[in-house]
>>> print(open('target_24.cif').read())   # mmCIF, C-alpha atoms
data_coords
loop_
_atom_site.label_atom_id
_atom_site.label_comp_id
_atom_site.auth_asym_id
_atom_site.auth_seq_id
_atom_site.Cartn_x
_atom_site.Cartn_y
_atom_site.Cartn_z
CA LEU W 285 -25.60 40.27 205.39
CA HIS W 286 -28.95 39.08 204.21
CA PRO W 287 -30.97 37.04 206.67
CA VAL W 288 -31.43 33.39 205.73
CA ARG W 289 -35.02 32.48 205.37
CA LYS W 290 -36.22 29.18 206.61
CA PRO W 291 -37.76 26.98 203.89
CA THR W 292 -41.50 26.96 204.14
CA ARG W 293 -43.35 23.69 204.19
CA THR W 294 -45.28 22.95 201.01
CA THR W 295 -48.22 20.67 200.54
CA ALA W 296 -46.88 18.98 197.38
CA PRO W 297 -45.64 15.83 199.16
CA LYS W 298 -49.00 15.41 200.78
CA ARG W 299 -50.68 15.71 197.38
CA ARG W 300 -48.33 13.17 195.92
CA PHE W 301 -48.93 10.89 198.85
CA ARG W 302 -52.67 11.26 198.48
CA ARG W 303 -52.45 10.52 194.74
CA ALA W 304 -50.38 7.42 195.35
CA GLY W 305 -52.85 6.27 198.00
CA ALA W 306 -55.74 6.86 195.64
CA ALA W 307 -53.97 4.87 192.91
CA LYS W 308 -53.43 1.94 195.28
CA LYS W 309 -57.03 2.12 196.38
CA SER W 310 -58.25 2.19 192.76
CA LYS W 311 -55.95 -0.72 191.89
CA ARG W 312 -57.36 -2.77 194.75
CA ARG W 313 -60.87 -1.91 193.58
CA VAL W 314 -60.13 -2.91 189.95
CA SER W 315 -58.66 -6.24 191.07
CA SER W 316 -61.75 -6.89 193.15
CA LEU W 317 -63.90 -6.08 190.14
CA ARG W 318 -61.96 -8.52 187.99
CA ARG W 319 -62.35 -11.20 190.65
CA ASP W 320 -66.09 -10.57 190.71
CA LEU W 321 -66.35 -10.62 186.93
CA CYS W 322 -64.61 -14.00 186.76
CA SER W 323 -67.17 -15.52 189.11
CA THR W 324 -70.25 -17.31 187.85
CA ALA W 325 -72.66 -14.76 189.31
CA SER W 326 -73.62 -11.43 187.79
CA PRO W 327 -71.27 -8.51 188.57
CA THR W 328 -74.25 -6.38 189.61
CA GLN W 329 -74.88 -8.72 192.56
CA PHE W 330 -71.43 -7.98 194.02
CA LEU W 331 -70.71 -4.34 193.17
CA SER W 332 -72.33 -1.33 194.65
CA ALA W 333 -73.38 1.63 192.56
CA ALA W 334 -70.59 3.80 193.99
CA ALA W 335 -67.91 1.27 193.11
CA ALA W 336 -69.26 0.90 189.61
CA ARG W 337 -69.21 4.68 189.07
CA SER W 338 -65.72 5.15 190.49
CA CYS W 339 -64.07 2.48 188.32
CA LYS W 340 -63.64 3.89 184.81
CA ARG W 341 -62.70 0.54 183.29
CA TYR W 342 -65.90 -1.12 184.34
CA ARG W 343 -68.86 -0.33 182.11
CA PRO W 344 -71.91 -2.57 182.50
CA ALA W 345 -72.79 -3.68 178.97
CA ARG W 346 -76.50 -3.79 179.75
CA ALA W 347 -76.84 -1.04 182.34
CA ALA W 348 -79.82 0.47 180.51
CA HIS W 349 -81.54 -2.91 180.55
CA SER W 350 -81.09 -4.10 184.09
CA PRO W 351 -84.17 -6.37 183.94
CA GLY W 352 -82.68 -8.09 180.91
CA SER W 353 -79.24 -8.55 182.44
CA ILE W 354 -80.34 -10.35 185.59
CA ALA W 355 -80.96 -14.07 185.57
CA PRO W 356 -84.65 -14.96 185.72
CA ARG W 357 -86.10 -16.73 188.71
CA GLY W 358 -85.79 -20.47 188.72
CA GLU W 359 -82.60 -20.44 186.62
CA THR W 360 -79.08 -20.42 187.95
CA MET W 361 -76.33 -18.43 186.33
CA ALA W 362 -74.66 -21.63 185.09
CA GLU W 363 -77.84 -22.54 183.18
CA TRP W 364 -78.52 -19.06 181.86
CA SER W 365 -75.09 -17.35 181.71
CA GLY W 366 -75.93 -14.77 179.11
CA VAL W 367 -78.01 -11.73 178.22
CA ARG W 368 -81.72 -12.41 178.38
CA MET W 369 -83.61 -11.55 175.20
CA THR W 370 -86.50 -9.14 175.77
CA LYS W 371 -88.81 -7.29 173.42
CA LYS W 372 -87.74 -3.92 174.79
CA TYR W 373 -84.10 -4.65 174.11
CA LEU W 374 -84.76 -5.90 170.55
CA VAL W 375 -86.84 -2.82 169.76
CA GLU W 376 -83.98 -0.62 170.94
CA LEU W 377 -81.56 -2.59 168.74
CA CYS W 378 -83.84 -1.99 165.77
CA GLN W 379 -83.90 1.75 166.44
CA ARG W 380 -80.15 1.77 166.87
CA HIS W 381 -79.80 0.39 163.31
CA ASP W 382 -82.34 2.78 161.75
CA GLY W 383 -85.26 0.43 162.26
CA TYR W 384 -88.76 0.87 163.64
CA ARG W 385 -90.40 0.54 167.02
CA THR W 386 -93.11 -1.74 165.60
CA PRO W 387 -91.53 -5.22 165.43
CA SER W 388 -93.54 -6.47 162.44
CA VAL W 389 -92.45 -3.54 160.22
CA ASN W 390 -88.73 -4.34 160.39
CA ASP W 391 -87.20 -6.51 157.68
CA LYS W 392 -83.69 -6.68 159.22
CA LEU W 393 -82.75 -7.71 162.74
CA TYR W 394 -79.23 -7.15 164.06
CA LEU W 395 -78.58 -9.46 167.04
CA HIS W 396 -74.85 -10.03 166.55
CA GLN W 397 -72.33 -9.71 169.39
CA GLN W 398 -74.98 -9.34 172.10
CA GLY W 399 -74.10 -12.27 174.37
CA PHE W 400 -77.29 -14.26 173.77
CA ARG W 401 -77.16 -17.94 174.66
CA ARG W 402 -80.72 -18.66 173.54
CA LEU W 403 -83.27 -17.32 171.07
CA ASP W 404 -86.62 -16.70 172.74
CA PRO W 405 -89.50 -17.73 170.41
CA GLU W 406 -91.99 -15.71 172.46
CA VAL W 407 -90.04 -12.54 171.79
CA LEU W 408 -89.27 -13.26 168.12
CA LYS W 409 -92.84 -14.16 167.18
CA GLU W 410 -93.75 -10.47 166.74
CA PHE W 411 -90.97 -9.90 164.17
CA THR W 412 -92.97 -11.40 161.29
CA GLY W 413 -91.44 -9.35 158.46
CA ILE W 414 -87.77 -10.24 158.98
CA LYS W 415 -85.85 -11.12 155.81
CA MET W 416 -82.26 -10.82 157.06
CA LEU W 417 -81.16 -12.01 160.51
CA TRP W 418 -77.70 -11.43 162.01
CA LEU W 419 -76.84 -13.79 164.89
CA GLN W 420 -73.07 -14.12 164.67
CA ALA W 421 -70.62 -13.91 167.56
CA ASN W 422 -73.05 -14.87 170.33
CA GLY W 423 -73.09 -18.09 172.33
CA LEU W 424 -76.08 -19.74 170.65
CA GLU W 425 -76.36 -23.50 170.99
CA LYS W 426 -79.55 -23.90 168.98
CA LEU W 427 -81.47 -22.26 166.12
CA GLU W 428 -85.10 -21.70 167.04
CA GLY W 429 -87.88 -19.14 166.96
CA PHE W 430 -88.23 -18.88 163.16
CA GLU W 431 -91.81 -20.20 163.03
CA HIS W 432 -93.28 -16.71 162.58
CA MET W 433 -90.74 -15.49 160.00
CA PRO W 434 -92.09 -16.79 156.67
CA LEU W 435 -90.12 -14.21 154.65
CA LEU W 436 -86.73 -15.07 156.14
CA ARG W 437 -84.13 -15.30 153.34
CA ASN W 438 -80.72 -14.91 154.95
CA ILE W 439 -79.32 -16.12 158.29
CA ALA W 440 -75.84 -15.21 159.54
CA ALA W 441 -75.18 -17.46 162.55
CA HIS W 442 -71.43 -17.98 162.30
CA GLU W 443 -69.12 -17.99 165.34
CA ASN W 444 -71.56 -19.60 167.77
CA CYS W 445 -71.79 -22.91 169.64
CA ILE W 446 -74.32 -24.70 167.41
CA GLU W 447 -73.91 -28.47 167.27
CA LYS W 448 -76.95 -29.45 165.19
CA ILE W 449 -78.77 -27.84 162.27
CA GLU W 450 -82.46 -27.60 163.16
CA GLY W 451 -85.37 -25.20 163.38
CA LEU W 452 -85.39 -24.30 159.66
CA GLU W 453 -88.45 -26.28 158.56
CA HIS W 454 -90.66 -23.15 158.48
CA SER W 455 -88.17 -21.02 156.50
CA LYS W 456 -89.11 -22.17 153.02
CA GLU W 457 -87.89 -18.93 151.40
CA LEU W 458 -84.41 -19.27 152.89
CA ASP W 459 -81.80 -18.38 150.27
CA SER W 460 -78.50 -18.24 152.19
CA ILE W 461 -77.24 -19.47 155.56
CA ASN W 462 -73.85 -19.00 157.19
CA LEU W 463 -72.92 -21.49 159.93
CA ASN W 464 -69.17 -21.04 159.76
CA ARG W 465 -67.12 -21.65 162.92
CA ASN W 466 -69.56 -23.73 164.93
CA PHE W 467 -69.47 -27.32 166.21
CA ILE W 468 -71.64 -29.02 163.58
CA LYS W 469 -70.84 -32.67 162.89
CA LYS W 470 -73.46 -33.53 160.27
CA VAL W 471 -75.24 -31.78 157.41
CA GLU W 472 -78.96 -32.07 158.06
CA GLY W 473 -82.12 -30.06 158.59
CA PHE W 474 -82.41 -28.68 155.02
CA GLU W 475 -85.26 -30.93 153.88
CA LYS W 476 -87.75 -28.04 153.57
CA ASN W 477 -85.33 -25.42 152.24
CA GLN W 478 -85.37 -26.13 148.53
CA ASN W 479 -84.67 -22.50 147.63
CA LEU W 480 -81.24 -22.49 149.25
CA THR W 481 -78.50 -21.25 146.92
CA SER W 482 -75.63 -20.74 149.40
CA ILE W 483 -74.53 -22.82 152.42
CA ASN W 484 -71.44 -22.00 154.47
CA LEU W 485 -70.38 -24.83 156.78
CA GLY W 486 -66.66 -24.14 156.93
CA ASN W 487 -64.58 -24.59 160.08
CA ASN W 488 -66.86 -27.17 161.68
CA ALA W 489 -66.44 -30.87 162.56
CA ILE W 490 -68.14 -32.48 159.54
CA GLY W 491 -66.73 -35.89 158.57
CA PRO W 492 -64.88 -38.09 158.16
CA ASP W 493 -67.47 -40.47 156.61
CA ALA W 494 -69.77 -39.57 153.71
CA GLU W 495 -72.90 -39.97 155.85
CA SER W 496 -72.14 -36.67 157.54
CA TYR W 497 -72.33 -34.57 154.36
CA LYS W 498 -74.32 -36.48 151.76
CA ALA W 499 -77.43 -34.36 152.52
CA VAL W 500 -75.97 -31.44 150.53
CA ALA W 501 -77.05 -33.24 147.34
CA GLU W 502 -80.57 -34.07 148.57
CA ASN W 503 -83.58 -31.77 148.09
CA LEU W 504 -81.38 -28.77 147.22
CA PRO W 505 -81.87 -28.29 143.46
CA LYS W 506 -80.88 -24.57 143.46
CA LEU W 507 -77.66 -24.88 145.45
CA GLN W 508 -74.82 -22.94 143.80
CA THR W 509 -72.32 -22.14 146.58
CA LEU W 510 -71.07 -24.69 149.10
CA ASP W 511 -68.36 -24.08 151.70
CA LEU W 512 -66.98 -27.18 153.46
CA GLN W 513 -63.44 -26.00 154.07
CA ALA W 514 -61.52 -26.81 157.26
CA ASN W 515 -63.61 -29.83 158.25
CA LYS W 516 -62.70 -33.52 158.73
CA ILE W 517 -63.60 -34.97 155.31
CA GLU W 518 -61.14 -37.68 154.29
CA ASP W 519 -62.61 -39.39 151.19
CA GLY W 520 -62.20 -37.09 148.19
CA ALA W 521 -63.56 -39.57 145.62
CA GLU W 522 -66.79 -40.05 147.56
CA LEU W 523 -67.16 -36.30 148.04
CA LEU W 524 -66.77 -35.76 144.29
CA LYS W 525 -69.52 -38.31 143.56
CA ILE W 526 -71.87 -36.54 145.94
CA LEU W 527 -71.11 -33.10 144.51
CA GLN W 528 -71.77 -34.36 140.98
CA LYS W 529 -75.41 -34.84 141.99
CA ILE W 530 -75.82 -31.09 142.50
CA PRO W 531 -77.03 -29.83 139.11
CA ASP W 532 -75.72 -26.24 139.20
CA LEU W 533 -72.81 -26.10 141.66
CA ARG W 534 -70.71 -23.05 140.79
CA VAL W 535 -68.58 -22.33 143.87
CA PHE W 536 -67.00 -24.90 146.16
CA TYR W 537 -64.51 -24.53 149.02
CA GLY W 538 -62.82 -27.72 150.19
CA MET W 539 -59.33 -26.67 151.25
CA GLY W 540 -58.27 -27.44 154.78
CA ASN W 541 -59.72 -30.97 154.76
CA PRO W 542 -57.56 -34.10 155.06
CA PHE W 543 -58.60 -35.35 151.59
CA VAL W 544 -56.88 -32.41 149.87
CA LYS W 545 -53.48 -33.98 150.63
CA SER W 546 -54.47 -37.61 150.16
CA PHE W 547 -56.64 -37.25 147.03
CA ARG W 548 -54.11 -36.97 144.20
CA HIS W 549 -54.59 -34.18 141.65
CA TYR W 550 -57.50 -32.83 143.64
CA ARG W 551 -58.06 -29.64 141.64
CA LYS W 552 -57.86 -31.24 138.19
CA ARG W 553 -60.27 -33.99 139.17
CA PHE W 554 -62.82 -31.62 140.67
CA VAL W 555 -62.65 -29.17 137.76
CA ALA W 556 -63.08 -31.98 135.23
CA GLY W 557 -65.79 -33.73 137.25
CA LEU W 558 -67.94 -30.64 137.94
CA PRO W 559 -68.83 -29.01 134.57
CA SER W 560 -70.69 -26.04 136.07
CA LEU W 561 -67.94 -25.10 138.56
CA ARG W 562 -66.71 -21.51 138.22
CA TYR W 563 -64.69 -21.08 141.43
CA LEU W 564 -62.71 -23.64 143.40
CA ASP W 565 -61.05 -22.76 146.70
CA ASP W 566 -58.78 -19.75 146.33
CA ARG W 567 -59.04 -18.97 142.60
CA PRO W 568 -61.54 -19.03 139.72
CA VAL W 569 -61.87 -21.70 137.05
CA PHE W 570 -61.31 -20.27 133.55
CA GLU W 571 -62.28 -21.92 130.30
CA ASP W 572 -58.67 -22.71 129.33
CA GLU W 573 -58.08 -24.51 132.64
CA ARG W 574 -61.29 -26.48 132.18
CA LYS W 575 -60.21 -27.70 128.71
CA ARG W 576 -56.80 -28.74 130.06
CA CYS W 577 -58.30 -30.56 133.06
CA GLU W 578 -60.88 -32.37 130.93
CA ALA W 579 -58.21 -33.55 128.50
CA TRP W 580 -55.99 -34.59 131.40
CA PHE W 581 -58.79 -36.49 133.17
CA ALA W 582 -59.89 -38.26 129.98
CA ALA W 583 -56.38 -39.67 129.48
CA PHE W 584 -55.87 -40.33 133.18
CA GLY W 585 -58.71 -42.86 133.23
CA GLU W 586 -59.43 -45.46 135.85
CA ASP W 587 -55.96 -46.97 135.54
CA GLU W 588 -54.49 -43.57 136.54
CA ASN W 589 -52.00 -43.30 133.69
CA LEU W 590 -50.21 -40.10 134.70
CA ASP W 591 -47.81 -39.97 131.71
CA ALA W 592 -50.63 -40.18 129.20
CA ALA W 593 -52.61 -37.58 131.12
CA ASN W 594 -49.69 -35.12 131.13
CA ALA W 595 -49.12 -35.67 127.41
CA ALA W 596 -52.79 -35.03 126.69
CA GLU W 597 -52.64 -31.84 128.72
CA ARG W 598 -49.60 -30.61 126.79
CA ASP W 599 -51.37 -31.28 123.50
CA MET W 600 -54.39 -29.39 124.71
CA ILE W 601 -52.19 -26.44 125.69
CA LYS W 602 -50.75 -26.36 122.15
CA THR W 603 -54.25 -26.56 120.71
CA ILE W 604 -55.43 -23.69 122.90
CA LYS W 605 -52.47 -21.53 121.85
CA GLN W 606 -53.08 -22.28 118.18
CA GLU W 607 -56.76 -21.43 118.54
CA LYS W 608 -55.84 -18.11 120.12
CA ARG W 609 -53.40 -17.31 117.28
CA ASP W 610 -56.03 -18.17 114.66
CA GLN W 611 -58.59 -16.07 116.45
CA GLU W 612 -56.19 -13.13 116.58
CA GLU W 613 -55.45 -13.48 112.86
CA ARG W 614 -59.15 -13.53 112.05
CA ARG W 615 -59.65 -10.44 114.19
CA VAL W 616 -56.82 -8.57 112.43
CA LYS W 617 -58.10 -9.62 108.99
CA ALA W 618 -61.62 -8.48 109.85
CA PHE W 619 -60.25 -5.12 110.98
CA ASP W 620 -58.24 -4.68 107.75
CA ASP W 621 -61.31 -5.54 105.67
CA MET W 622 -63.35 -2.98 107.57
CA ILE W 623 -60.73 -0.26 106.96
CA ARG W 624 -60.51 -1.18 103.26
CA GLU W 625 -64.27 -1.05 102.80
CA ALA W 626 -64.49 2.27 104.63
CA ARG W 627 -61.81 3.79 102.39
CA ALA W 628 -63.50 2.51 99.25
CA ALA W 629 -66.84 3.93 100.35
CA HIS W 630 -65.15 7.26 101.13
CA ALA W 631 -63.54 7.43 97.68
CA ALA W 632 -66.78 6.54 95.93
CA ALA W 633 -68.72 9.21 97.83
CA GLU W 634 -66.10 11.85 97.02
CA ALA W 635 -66.10 10.97 93.32
CA ALA W 636 -69.89 11.14 93.18
CA LYS W 637 -69.97 14.58 94.76
CA GLN W 638 -67.31 15.92 92.40
CA LEU W 639 -69.40 14.77 89.43
CA GLU W 640 -72.34 16.68 90.88
CA GLY W 641 -70.25 19.86 91.27
CA VAL W 642 -69.89 19.65 95.01
CA SER W 643 -66.70 18.91 96.88
CA PHE W 644 -66.51 16.23 99.53
CA SER W 645 -66.83 18.90 102.21
CA GLY W 646 -70.14 20.07 100.70
CA ASP W 647 -68.91 23.35 99.10
CA PRO W 648 -69.74 24.06 95.41
CA ILE W 649 -66.89 23.71 92.87
CA HIS W 650 -66.33 26.92 90.74
CA GLY W 651 -64.73 26.94 87.28
CA VAL W 652 -63.45 29.79 85.15
CA ASN W 653 -66.92 30.59 83.81
CA GLY W 654 -68.59 30.45 87.22
CA PRO W 655 -70.18 27.52 88.99
CA LEU W 656 -70.23 24.24 87.15
CA ARG W 657 -73.86 23.83 88.06
CA ASP W 658 -76.48 26.38 89.00
CA GLU W 659 -79.57 24.90 90.58
CA ASN W 660 -81.64 28.04 89.80
CA ALA W 661 -80.53 28.28 86.13
CA ASP W 662 -82.81 27.42 83.25
CA PRO W 663 -82.00 23.92 82.04
CA ASN W 664 -82.95 24.85 78.41
CA LYS W 665 -80.53 27.79 78.30
CA PRO W 666 -77.16 26.79 76.79
CA ARG W 667 -74.13 27.15 79.00
CA LYS W 668 -71.25 29.49 78.11
CA PRO W 669 -68.43 27.90 76.20
CA PHE W 670 -65.25 27.15 78.02
CA VAL W 671 -62.62 29.88 77.57
CA ASP W 672 -58.98 28.92 77.64
CA VAL W 673 -56.59 31.09 79.62
CA GLU W 674 -54.30 31.60 76.57
CA ASP W 675 -57.19 33.08 74.55
CA LEU W 676 -57.74 35.85 77.10
CA ASP W 677 -54.88 37.88 75.58
#
>>> encode(input="target_24.cif", output="structure tokens")
Amino acid sequence: LHPVRKPTRTTAPKRRFRRAGAAKKSKRRVSSLRRDLCSTASPTQFLSAAAARSCKRYRPARAAHSPGSIAPRGETMAEWSGVRMTKKYLVELCQRHDGYRTPSVNDKLYLHQQGFRRLDPEVLKEFTGIKMLWLQANGLEKLEGFEHMPLLRNIAAHENCIEKIEGLEHSKELDSINLNRNFIKKVEGFEKNQNLTSINLGNNAIGPDAESYKAVAENLPKLQTLDLQANKIEDGAELLKILQKIPDLRVFYGMGNPFVKSFRHYRKRFVAGLPSLRYLDDRPVFEDERKRCEAWFAAFGEDENLDAANAAERDMIKTIKQEKRDQEERRVKAFDDMIREARAAHAAAEAAKQLEGVSFSGDPIHGVNGPLRDENADPNKPRKPFVDVEDLD
């Protein structure tokens, strides 16, 4: 008989118990971190350095810039509630995007998704060479600090909390501005920006009256692209009259506004009423569509005769198809004429070379008595008479 050994005690249950205890402790710590993060004060005022290192989910976004992530004196967190803009932090952002340490040398400034609530003019005044400025996805409530950026041409400030367009009077070279997804209620502040060619004001609160958007046709002679989609504009006829004052409007976005459903035949009216328009909402405006819309609108008239307008459009469609058939016939005829002329020229060149004793490929033509023409022969010497094959016997 073999002796029965008593089972030895292992330490695995203790290890499992310790792991479970550590998990519970970490869970309690994470919940406390979340509670601290939801408070109005900064997380760094509540958490110790050891707790911050032990929690893997918590990563301070501005740990390398602790002076910039603490609220300044004299301001509560409710008033500040964001990342403070400092020169040191902006210089590091420039270097992160292949920029330079000297602020005035940079021509691009990437400030998007940084948590800024304000733009500090004292910090931005050293960035005098900026041409492109990214500000999207912050919490900005106001545009400011552009006084020392005379070369600024493009501003991307979409997805912020801006309620009023201001601070652009010194940006006379401004070419494009994106203010999509803000809280703007009125188009204004572009009096000094006569070089603007593109304005994006989609997904705001502009409207419903014409006073809130009539400024798009004032002092903007170079405007070509205008985005007013997803706003609160209700009067389509008044909007069309205002857009007709823009001399070279090529792209317009108006879908998502209430007038699109209430303004009958919205696309045909806008295409016919805006001769320079090349793109409307979700698709381009081709020349065939423009001819159809112009014919339709001319017959529609002020009395809004829909039957006459539809008949005029059908006639225009037939005319367009006939023009295309005639154009295709002219193209085919021109191609046939070209082939015929090329063949005639080929035949004439071949006949001329055969008369000169040279084939079309450039080789000399030989007869029974030798070459038909010898360039080195004496022209005064008579040529041999032609010998018939039957006389050779």
>>> residues_around(input="target_24.cif", residues="Val555 of chain W", least_positions_apart="5", cutoff="7 Å", atoms="only C-alpha atoms", output="JSON, numbers by chain")
{"W": [561, 574, 577]}
>>> atom_distance(input="target_24.cif", atom1="atom CA of Arg609 of chain W", atom2="atom CA of Glu571 of chain W")
16.4 Å
>>> atom_distance(input="target_24.cif", atom1="atom CA of Thr481 of chain W", atom2="atom CA of Pro531 of chain W")
11.7 Å
>>> atom_distance(input="target_24.cif", atom1="atom CA of Asp532 of chain W", atom2="atom CA of Leu504 of chain W")
10.1 Å
>>> residues_around(input="target_24.cif", residues="Ala499 of chain W", least_positions_apart="5", cutoff="10 Å", atoms="all atoms listed in the file", output="PyMOL selection string")
chain W and resi 470-475+494+504+526
>>> residues_near_point(input="target_24.cif", point="(-63.1, -33.3, 144.2)", cutoff="10 Å", atoms="only C-alpha atoms", output="list in words")
Asp519, Gly520, Ala521, Glu522, Leu523, Leu524, Lys525, Ile526, Leu527, Gln528, Phe536, Gly538, Phe543, Val544, Phe547, Arg548, His549, Tyr550, Arg551, Lys552, Arg553, Phe554, Val555, Ala556, Gly557, Leu558 and Leu564 of chain W
>>> residues_around(input="target_24.cif", residues="Lys409 of chain W", least_positions_apart="3", cutoff="12 Å", atoms="only C-alpha atoms", output="tab-separated table (two decimals) with C-alpha atoms, in the frame of the given file")
chain	number	residue	atom	x	y	z
W	370	THR	CA	-86.50	-9.14	175.77
W	371	LYS	CA	-88.81	-7.29	173.42
W	387	PRO	CA	-91.53	-5.22	165.43
W	388	SER	CA	-93.54	-6.47	162.44
W	403	LEU	CA	-83.27	-17.32	171.07
W	404	ASP	CA	-86.62	-16.70	172.74
W	405	PRO	CA	-89.50	-17.73	170.41
W	406	GLU	CA	-91.99	-15.71	172.46
W	412	THR	CA	-92.97	-11.40	161.29
W	413	GLY	CA	-91.44	-9.35	158.46
W	414	ILE	CA	-87.77	-10.24	158.98
W	428	GLU	CA	-85.10	-21.70	167.04
W	429	GLY	CA	-87.88	-19.14	166.96
W	430	PHE	CA	-88.23	-18.88	163.16
W	431	GLU	CA	-91.81	-20.20	163.03
W	432	HIS	CA	-93.28	-16.71	162.58
W	433	MET	CA	-90.74	-15.49	160.00
W	434	PRO	CA	-92.09	-16.79	156.67
>>> closest_residue(input="target_24.cif", among="W:Gly423, W:Lys617, W:Phe584, W:Ile530", to="Pro505 of chain W", atoms="all atoms listed in the file")
W:Ile530
>>> residues_around(input="target_24.cif", residues="Lys469 of chain W", least_positions_apart="4", cutoff="8 Å", atoms="only C-alpha atoms", output="list in words")
Glu447, Lys448, Asn488, Ala489, Ile490, Gly491 and Ser496 of chain W
>>> write_last_selection(input="target_24.cif", atoms="C-alpha atoms", output="PDB file, keeping the file's coordinate frame")
ATOM      1  CA  GLU W 447     -73.910 -28.470 167.270  1.00  0.00           C
ATOM      2  CA  LYS W 448     -76.950 -29.450 165.190  1.00  0.00           C
ATOM      3  CA  ASN W 488     -66.860 -27.170 161.680  1.00  0.00           C
ATOM      4  CA  ALA W 489     -66.440 -30.870 162.560  1.00  0.00           C
ATOM      5  CA  ILE W 490     -68.140 -32.480 159.540  1.00  0.00           C
ATOM      6  CA  GLY W 491     -66.730 -35.890 158.570  1.00  0.00           C
ATOM      7  CA  SER W 496     -72.140 -36.670 157.540  1.00  0.00           C
TER       8      SER W 496
END
>>> decode(input="target_24.cif", residues="segment 447-458 of chain W", atoms="N, CA and C atoms", output="PDB file, in the first residue's frame")
ATOM      1  N   GLU W 447     -21.324  83.325 -30.904  1.00  0.00           N
ATOM      2  CA  GLU W 447     -22.670  83.853 -31.096  1.00  0.00           C
ATOM      3  C   GLU W 447     -22.703  85.095 -31.976  1.00  0.00           C
ATOM      4  N   LYS W 448     -21.562  85.748 -32.164  1.00  0.00           N
ATOM      5  CA  LYS W 448     -21.518  86.981 -32.943  1.00  0.00           C
ATOM      6  C   LYS W 448     -20.222  87.023 -33.745  1.00  0.00           C
ATOM      7  N   ILE W 449     -20.339  87.474 -34.997  1.00  0.00           N
ATOM      8  CA  ILE W 449     -19.159  87.600 -35.860  1.00  0.00           C
ATOM      9  C   ILE W 449     -18.523  88.965 -35.610  1.00  0.00           C
ATOM     10  N   GLU W 450     -17.305  88.967 -35.102  1.00  0.00           N
ATOM     11  CA  GLU W 450     -16.604  90.209 -34.793  1.00  0.00           C
ATOM     12  C   GLU W 450     -15.109  89.938 -34.762  1.00  0.00           C
ATOM     13  N   GLY W 451     -14.345  91.024 -34.665  1.00  0.00           N
ATOM     14  CA  GLY W 451     -12.898  90.903 -34.564  1.00  0.00           C
ATOM     15  C   GLY W 451     -12.181  90.672 -35.871  1.00  0.00           C
ATOM     16  N   LEU W 452     -12.855  90.897 -37.025  1.00  0.00           N
ATOM     17  CA  LEU W 452     -12.249  90.648 -38.335  1.00  0.00           C
ATOM     18  C   LEU W 452     -11.910  91.933 -39.084  1.00  0.00           C
ATOM     19  N   GLU W 453     -12.039  93.083 -38.422  1.00  0.00           N
ATOM     20  CA  GLU W 453     -11.835  94.350 -39.135  1.00  0.00           C
ATOM     21  C   GLU W 453     -10.390  94.570 -39.553  1.00  0.00           C
ATOM     22  N   HIS W 454      -9.426  93.898 -38.939  1.00  0.00           N
ATOM     23  CA  HIS W 454      -8.018  94.058 -39.301  1.00  0.00           C
ATOM     24  C   HIS W 454      -7.546  93.001 -40.294  1.00  0.00           C
ATOM     25  N   SER W 455      -8.378  92.040 -40.612  1.00  0.00           N
ATOM     26  CA  SER W 455      -7.995  90.956 -41.537  1.00  0.00           C
ATOM     27  C   SER W 455      -8.508  91.287 -42.933  1.00  0.00           C
ATOM     28  N   LYS W 456      -7.864  92.245 -43.572  1.00  0.00           N
ATOM     29  CA  LYS W 456      -8.329  92.695 -44.883  1.00  0.00           C
ATOM     30  C   LYS W 456      -7.962  91.724 -46.000  1.00  0.00           C
ATOM     31  N   GLU W 457      -7.014  90.824 -45.770  1.00  0.00           N
ATOM     32  CA  GLU W 457      -6.631  89.827 -46.770  1.00  0.00           C
ATOM     33  C   GLU W 457      -7.386  88.512 -46.596  1.00  0.00           C
ATOM     34  N   LEU W 458      -8.361  88.487 -45.725  1.00  0.00           N
ATOM     35  CA  LEU W 458      -9.090  87.251 -45.442  1.00  0.00           C
ATOM     36  C   LEU W 458      -9.800  86.755 -46.696  1.00  0.00           C
TER      37      LEU W 458
END
